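Enquirer: File data_18.txt follows (compact mmCIF, C-alpha atoms and all ligand atoms):
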# COMPACT_ATOMS: atom_id res chain seq x y z
CA MET A 1 8.50 -6.89 -26.62
CA ASP A 2 5.33 -5.87 -24.80
CA THR A 3 2.78 -8.19 -26.35
CA THR A 4 2.56 -11.68 -24.88
CA ASN A 5 2.20 -14.21 -27.68
CA ALA A 6 0.82 -17.72 -27.41
CA LEU A 7 3.21 -20.65 -27.62
CA SER A 8 1.89 -24.11 -28.39
CA ILE A 9 3.54 -27.46 -28.90
CA ASP A 10 1.68 -30.42 -30.35
CA LEU A 11 3.05 -33.32 -28.33
CA GLU A 12 3.15 -36.25 -30.71
CA GLU A 13 5.55 -38.84 -32.12
CA TRP A 14 7.35 -38.37 -35.44
CA TYR A 15 5.02 -40.96 -36.99
CA HIS A 16 1.88 -39.00 -36.20
CA SER A 17 2.66 -36.56 -38.98
CA GLU A 18 0.11 -37.01 -41.76
CA LEU A 19 2.87 -36.97 -44.37
CA VAL A 20 4.61 -40.09 -43.02
CA GLU A 21 1.35 -41.80 -42.16
CA GLY A 22 1.39 -45.53 -42.73
CA ARG A 23 4.78 -45.81 -41.07
CA LYS A 24 3.37 -46.21 -37.57
CA SER A 25 6.04 -47.65 -35.40
CA PRO A 26 6.68 -48.54 -31.77
CA PHE A 27 9.91 -46.53 -32.03
CA SER A 28 9.34 -43.66 -29.60
CA GLN A 29 11.40 -40.50 -29.60
CA VAL A 30 8.98 -38.06 -28.06
CA GLU A 31 10.65 -37.78 -24.67
CA GLU A 32 14.17 -37.18 -25.98
CA ALA A 33 12.81 -34.74 -28.58
CA THR A 34 10.81 -32.79 -25.98
CA ARG A 35 13.36 -32.47 -23.17
CA PRO A 36 15.52 -29.85 -24.94
CA ILE A 37 12.37 -27.81 -25.57
CA LEU A 38 11.38 -27.99 -21.90
CA ASP A 39 14.89 -26.96 -20.87
CA LEU A 40 14.84 -23.96 -23.20
CA LEU A 41 11.44 -22.92 -21.86
CA ASP A 42 12.85 -23.06 -18.33
CA ARG A 43 15.93 -21.10 -19.31
CA TYR A 44 13.75 -18.31 -20.69
CA GLN A 45 11.22 -18.64 -17.86
CA THR A 46 8.46 -19.19 -20.37
CA LYS A 47 5.33 -21.31 -20.07
CA ALA A 48 3.69 -22.91 -23.08
CA SER A 49 0.62 -24.95 -23.98
CA PHE A 50 1.13 -28.60 -24.87
CA PHE A 51 -1.61 -30.16 -26.98
CA ILE A 52 -1.07 -33.80 -26.16
CA VAL A 53 -1.91 -36.94 -28.12
CA GLY A 54 -3.52 -39.35 -25.61
CA GLU A 55 -1.69 -42.47 -26.78
CA VAL A 56 1.60 -40.60 -26.37
CA ALA A 57 0.62 -39.70 -22.80
CA GLU A 58 -0.33 -43.32 -22.09
CA LYS A 59 3.16 -44.50 -23.05
CA ASN A 60 5.06 -41.55 -21.53
CA PRO A 61 3.34 -40.67 -18.24
CA ARG A 62 6.60 -39.35 -16.73
CA LEU A 63 6.93 -36.79 -19.54
CA ILE A 64 3.36 -35.59 -19.01
CA GLN A 65 4.01 -35.19 -15.28
CA LEU A 66 7.15 -33.23 -16.03
CA ILE A 67 5.33 -30.88 -18.40
CA PHE A 68 2.57 -30.33 -15.85
CA GLU A 69 4.95 -29.84 -12.91
CA ARG A 70 6.88 -27.21 -14.82
CA GLY A 71 3.73 -25.13 -15.10
CA HIS A 72 2.81 -25.65 -18.73
CA GLU A 73 -0.76 -25.94 -19.92
CA ILE A 74 -2.10 -29.43 -20.64
CA GLY A 75 -4.27 -29.37 -23.76
CA CYS A 76 -5.76 -32.03 -25.99
CA HIS A 77 -4.69 -33.17 -29.47
CA THR A 78 -7.14 -36.17 -29.53
CA PHE A 79 -6.34 -39.69 -28.32
CA SER A 80 -4.90 -41.24 -31.47
CA HIS A 81 -4.27 -38.29 -33.79
CA LYS A 82 -7.04 -39.18 -36.22
CA LEU A 83 -8.18 -36.29 -38.36
CA VAL A 84 -11.51 -35.03 -37.07
CA TRP A 85 -12.77 -35.01 -40.68
CA ASN A 86 -12.47 -38.81 -40.67
CA LEU A 87 -14.57 -39.25 -37.53
CA ASP A 88 -18.25 -38.88 -36.84
CA GLN A 89 -19.58 -37.28 -33.72
CA ASN A 90 -19.67 -40.53 -31.72
CA LEU A 91 -16.16 -41.55 -32.68
CA PHE A 92 -14.88 -38.08 -31.81
CA ARG A 93 -16.55 -38.33 -28.40
CA GLU A 94 -14.87 -41.71 -27.88
CA GLU A 95 -11.50 -40.18 -28.77
CA MET A 96 -12.06 -37.41 -26.24
CA GLU A 97 -13.24 -39.78 -23.50
CA HIS A 98 -10.22 -41.98 -24.05
CA PHE A 99 -7.90 -38.96 -23.92
CA HIS A 100 -9.44 -37.67 -20.69
CA SER A 101 -9.29 -41.03 -18.93
CA VAL A 102 -5.58 -41.35 -19.76
CA ILE A 103 -4.76 -37.85 -18.50
CA GLU A 104 -6.82 -38.41 -15.35
CA LYS A 105 -4.84 -41.56 -14.57
CA ILE A 106 -1.59 -39.61 -14.83
CA LEU A 107 -2.47 -36.21 -13.35
CA GLY A 108 -5.75 -36.73 -11.52
CA LYS A 109 -8.71 -34.51 -12.31
CA ILE A 110 -7.38 -31.33 -13.87
CA GLU A 111 -9.20 -28.75 -15.94
CA ILE A 112 -8.38 -29.02 -19.63
CA LYS A 113 -9.32 -25.87 -21.48
CA GLY A 114 -7.74 -26.10 -24.90
CA PHE A 115 -7.98 -28.31 -27.97
CA ARG A 116 -6.14 -28.53 -31.26
CA ALA A 117 -7.35 -30.85 -34.02
CA PRO A 118 -4.69 -32.90 -35.85
CA CYS A 119 -3.84 -31.09 -39.11
CA PHE A 120 -6.23 -28.24 -38.24
CA SER A 121 -9.05 -30.64 -39.20
CA ILE A 122 -12.05 -28.61 -38.06
CA ASP A 123 -14.04 -26.58 -40.55
CA ASN A 124 -17.68 -26.05 -41.42
CA ARG A 125 -18.11 -29.67 -42.52
CA ASN A 126 -17.56 -30.95 -39.00
CA ARG A 127 -18.39 -27.93 -36.88
CA TRP A 128 -20.35 -30.31 -34.59
CA ALA A 129 -16.91 -30.91 -33.07
CA LEU A 130 -17.18 -27.53 -31.31
CA LYS A 131 -20.29 -28.69 -29.44
CA VAL A 132 -18.46 -31.85 -28.36
CA LEU A 133 -15.59 -29.71 -27.04
CA LEU A 134 -18.08 -27.64 -25.07
CA ASP A 135 -19.63 -30.81 -23.59
CA PHE A 136 -16.18 -31.83 -22.37
CA GLY A 137 -15.72 -28.45 -20.68
CA TYR A 138 -13.33 -26.86 -23.15
CA ARG A 139 -12.93 -23.09 -23.19
CA TYR A 140 -11.06 -22.64 -26.43
CA ASP A 141 -10.11 -24.26 -29.70
CA ALA A 142 -6.92 -23.60 -31.66
CA SER A 143 -7.63 -25.54 -34.87
CA ILE A 144 -8.51 -22.83 -37.39
CA PHE A 145 -5.92 -22.14 -40.08
CA PRO A 146 -7.46 -19.08 -41.70
CA LEU A 147 -6.08 -19.36 -45.22
CA LYS A 148 -6.14 -21.95 -47.93
CA ILE A 149 -2.65 -22.63 -49.19
CA ASN A 150 -2.19 -26.24 -48.06
CA PRO A 151 -4.03 -28.96 -50.00
CA LEU A 152 -5.07 -30.63 -46.75
CA TYR A 153 -6.31 -27.83 -44.49
CA GLY A 154 -7.16 -24.15 -44.23
CA ILE A 155 -10.30 -21.99 -44.31
CA SER A 156 -10.08 -18.80 -46.27
CA GLY A 157 -12.04 -15.94 -44.81
CA ALA A 158 -11.79 -17.02 -41.15
CA PRO A 159 -10.68 -14.35 -38.67
CA THR A 160 -6.95 -14.02 -38.09
CA ARG A 161 -7.10 -12.90 -34.47
CA PRO A 162 -8.73 -14.54 -31.39
CA TYR A 163 -12.53 -14.52 -31.57
CA ARG A 164 -15.64 -16.09 -30.08
CA ILE A 165 -16.39 -18.79 -32.61
CA SER A 166 -19.86 -19.26 -34.05
CA PHE A 167 -21.26 -22.81 -33.86
CA GLU A 168 -23.14 -22.14 -37.11
CA ASP A 169 -20.19 -20.96 -39.19
CA VAL A 170 -16.63 -21.29 -37.92
CA ARG A 171 -15.60 -18.28 -40.03
CA LYS A 172 -17.97 -16.04 -38.10
CA GLU A 173 -17.65 -14.34 -34.78
CA ASP A 174 -20.51 -14.75 -32.30
CA PRO A 175 -20.21 -12.56 -29.20
CA GLN A 176 -22.51 -14.98 -27.33
CA SER A 177 -20.40 -18.05 -28.07
CA PRO A 178 -18.96 -19.81 -25.00
CA LEU A 179 -15.92 -21.01 -26.96
CA MET A 180 -12.90 -18.89 -27.92
CA GLU A 181 -10.88 -19.60 -31.02
CA PHE A 182 -7.20 -18.76 -31.35
CA PRO A 183 -6.50 -19.12 -35.07
CA LEU A 184 -3.11 -19.10 -36.65
CA CYS A 185 -2.20 -15.46 -37.35
CA PRO A 186 -0.65 -14.91 -40.78
CA LEU A 187 1.57 -12.03 -41.75
CA LYS A 188 -0.31 -9.56 -43.96
CA ILE A 189 1.59 -7.67 -46.60
CA GLY A 190 -0.61 -5.72 -48.97
CA GLY A 191 -3.29 -8.21 -49.99
CA LEU A 192 -1.07 -11.19 -49.21
CA LYS A 193 -1.40 -13.41 -46.15
CA ILE A 194 1.63 -15.53 -45.31
CA PRO A 195 1.69 -18.12 -42.54
CA ILE A 196 4.95 -17.70 -40.65
CA SER A 197 4.51 -18.75 -37.05
CA GLY A 198 4.51 -22.53 -37.08
CA GLY A 199 5.59 -25.88 -38.43
CA PHE A 200 7.22 -25.91 -41.85
CA TYR A 201 6.79 -22.15 -42.31
CA LEU A 202 8.73 -21.48 -39.14
CA ARG A 203 11.49 -23.90 -40.17
CA ALA A 204 11.74 -22.66 -43.73
CA LEU A 205 11.72 -18.89 -43.30
CA PRO A 206 14.98 -17.12 -42.49
CA THR A 207 15.31 -15.77 -38.95
CA PHE A 208 15.56 -12.10 -40.01
CA PHE A 209 12.28 -12.43 -41.91
CA LEU A 210 10.53 -14.12 -38.98
CA ASP A 211 11.77 -11.38 -36.67
CA TRP A 212 10.50 -8.65 -39.00
CA GLY A 213 7.21 -10.39 -39.78
CA LEU A 214 6.32 -11.33 -36.21
CA LYS A 215 7.10 -7.82 -34.97
CA ARG A 216 4.82 -6.53 -37.69
CA ILE A 217 1.98 -8.81 -36.47
CA ASN A 218 2.67 -7.64 -32.91
CA ARG A 219 1.95 -4.05 -33.87
CA SER A 220 -1.73 -4.93 -33.74
CA GLN A 221 -2.19 -8.31 -32.04
CA PRO A 222 -0.56 -11.36 -30.44
CA PHE A 223 0.39 -14.30 -32.65
CA LEU A 224 0.26 -18.03 -32.02
CA VAL A 225 3.29 -20.25 -32.54
CA TYR A 226 2.84 -23.98 -33.06
CA PHE A 227 5.34 -26.74 -33.65
CA HIS A 228 6.10 -30.39 -32.89
CA PRO A 229 9.02 -31.92 -30.98
CA TRP A 230 9.98 -34.08 -34.00
CA GLU A 231 10.47 -30.88 -36.01
CA SER A 232 13.43 -29.84 -33.88
CA TYR A 233 14.99 -33.24 -33.27
CA GLU A 234 18.04 -34.20 -35.29
CA LYS A 235 17.33 -37.94 -35.02
CA THR A 236 13.81 -37.81 -36.46
CA PRO A 237 13.75 -40.70 -38.96
CA ARG A 238 14.00 -39.50 -42.57
CA PHE A 239 12.13 -41.41 -45.27
CA LYS A 240 12.30 -41.27 -49.03
CA LEU A 241 9.03 -39.40 -49.35
CA PRO A 242 7.79 -37.70 -52.51
CA LEU A 243 9.62 -34.39 -52.94
CA TYR A 244 6.83 -32.13 -51.63
CA ASN A 245 6.27 -34.25 -48.51
CA ARG A 246 10.01 -34.56 -47.94
CA VAL A 247 10.59 -30.80 -48.01
CA ILE A 248 7.55 -30.04 -45.82
CA SER A 249 8.53 -32.78 -43.33
CA TYR A 250 12.28 -32.36 -42.99
CA TYR A 251 13.45 -28.96 -44.18
CA GLY A 252 15.16 -26.97 -41.44
CA ILE A 253 14.99 -29.58 -38.65
CA SER A 254 18.63 -29.16 -37.70
CA SER A 255 18.33 -25.41 -37.14
CA ALA A 256 14.83 -25.41 -35.62
CA LEU A 257 15.93 -25.44 -31.98
CA LYS A 258 18.20 -22.42 -32.56
CA LYS A 259 15.34 -20.61 -34.24
CA PHE A 260 13.09 -21.50 -31.33
CA GLU A 261 15.63 -20.02 -28.92
CA PHE A 262 15.83 -16.89 -31.06
CA LEU A 263 12.08 -16.45 -30.73
CA LEU A 264 12.19 -17.01 -26.97
CA SER A 265 14.89 -14.37 -26.60
CA HIS A 266 13.23 -11.78 -28.89
CA PHE A 267 9.52 -12.13 -28.10
CA ARG A 268 7.45 -12.64 -24.99
CA PHE A 269 5.39 -15.84 -24.84
CA GLY A 270 2.86 -17.47 -22.58
CA ARG A 271 0.33 -20.30 -22.43
CA VAL A 272 -2.61 -20.00 -24.78
CA ASP A 273 -5.15 -19.94 -21.90
CA GLN A 274 -3.25 -17.09 -20.29
CA VAL A 275 -2.97 -15.05 -23.49
CA LEU A 276 -6.73 -15.49 -23.91
CA ALA A 277 -7.14 -14.43 -20.25
CA LEU A 278 -9.24 -17.51 -19.41
CA LYS A 279 -9.55 -17.95 -15.68
ZN ZN A 301 -0.56 -33.25 -34.76
Could you express the structure from this file as structure tokens?
Ligand SMILES: [Zn+2]

Expert:
Amino acid sequence: MDTTNALSIDLEEWYHSELVEGRKSPFSQVEEATRPILDLLDRYQTKASFFIVGEVAEKNPRLIQLIFERGHEIGCHTFSHKLVWNLDQNLFREEMEHFHSVIEKILGKIEIKGFRAPCFSIDNRNRWALKVLLDFGYRYDASIFPLKINPLYGISGAPTRPYRISFEDVRKEDPQSPLMEFPLCPLKIGGLKIPISGGFYLRALPTFFLDWGLKRINRSQPFLVYFHPWESYEKTPRFKLPLYNRVISYYGISSALKKFEFLLSHFRFGRVDQVLALK
């Protein structure tokens, strides 16, 4: 239990998930879905990083204040959860400006160090996004999913531990780069790489396997956990989605909070900026 791992929560509504896209709704559940997570974090005296969707912050300023007051890291998950692949540089800048103005209204001027793209939507096609992050004062990105198993995202060949990310090729390390990257860290067994520490993978895998696999990763490095409040909330609306989307979206929701507590009680966690030792 010596390694401190990074814990991140993408603060968004249930309807921000790409797989239920098109069902945008004014029906907000984010606060009630997030409170049990905040209480568990307090109970285990653990701080986490919250990558926040700006439009969620705009509608739930009290929740953002609560997260900040409890000592968690405030990070950015864009303003409106548009995939960065679908934006150009100017539109991405507008998203970021909008996000920062909303957070400033709620919390005043605070330093925001970390960014996660919706659906891990940064790769070499839109690596200009890294320069935009730098212009906004970011110190790290956490948007690289270093294997290609999902039809939507993933970059095979990218590093699987924190690295200084090259602005020329996101799969390359550049010791001179001002921006750190904390990629998702898969479990490696033989030649296989299996994502285990977030989202659907975390919900679907049995607890004993997670325990074994995460300890195995911890033999050589910290790992990064990511998940969303709607993934652990019993009342998340369920739609008749195509089978694949339905399984990925809803499998394991009812036991996710228990699994989260298991992780908190068996591993040490901290904010991403602290695990990366960013001052
Ligand atoms: Zn998201």

Enquirer: Give me, as JSON, numbers by chain, the set of residues whose atoms come within 9 Å of any atom of ligand ZN 301 (chain A), counting all atoms listed in the file.

Expert: {"A": [10, 11, 12, 13, 16, 17, 18, 51, 52, 53, 77, 78, 81, 82, 83, 116, 117, 118, 119, 120, 227, 228]}

Enquirer: Separation of atom CA of A:Phe136 and atom CA of A:Gly54, in Å?

Expert: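 Atom CA of A:Phe136 sits 15.1 Å away from atom CA of A:Gly54.
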
Enquirer: Taking all atoms listed in the file into account, name the residue in A:Pro162, A:Ile64, A:Ser220, A:Ile9 that is nearest to A:Leu41.

Expert: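 Of A:Pro162, A:Ile64, A:Ser220, A:Ile9, the one nearest A:Leu41 is A:Ile9, counting all atoms listed in the file.
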
Enquirer: Using all atoms listed in the file, find the one residue out of A:Leu224, A:Ile103, A:Ile248, A:Ile165 that sits nearest to A:Tyr201.

Expert: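 Under the stated criterion, the closest residue is A:Ile248.
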
Enquirer: Calculated over all atoms listed in the file, which of the candidates A:Leu19, A:Leu257, A:Met180, A:Ala57 has the smallest distance to A:Tyr140?

Expert: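 Using all atoms listed in the file, the shortest distance to A:Tyr140 belongs to A:Met180.
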
Enquirer: For atom CA of A:Phe68 and atom CA of A:Tyr226, quote the distance in Å rounded to one decimal.

Expert: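 So the answer is 18.3 Å.
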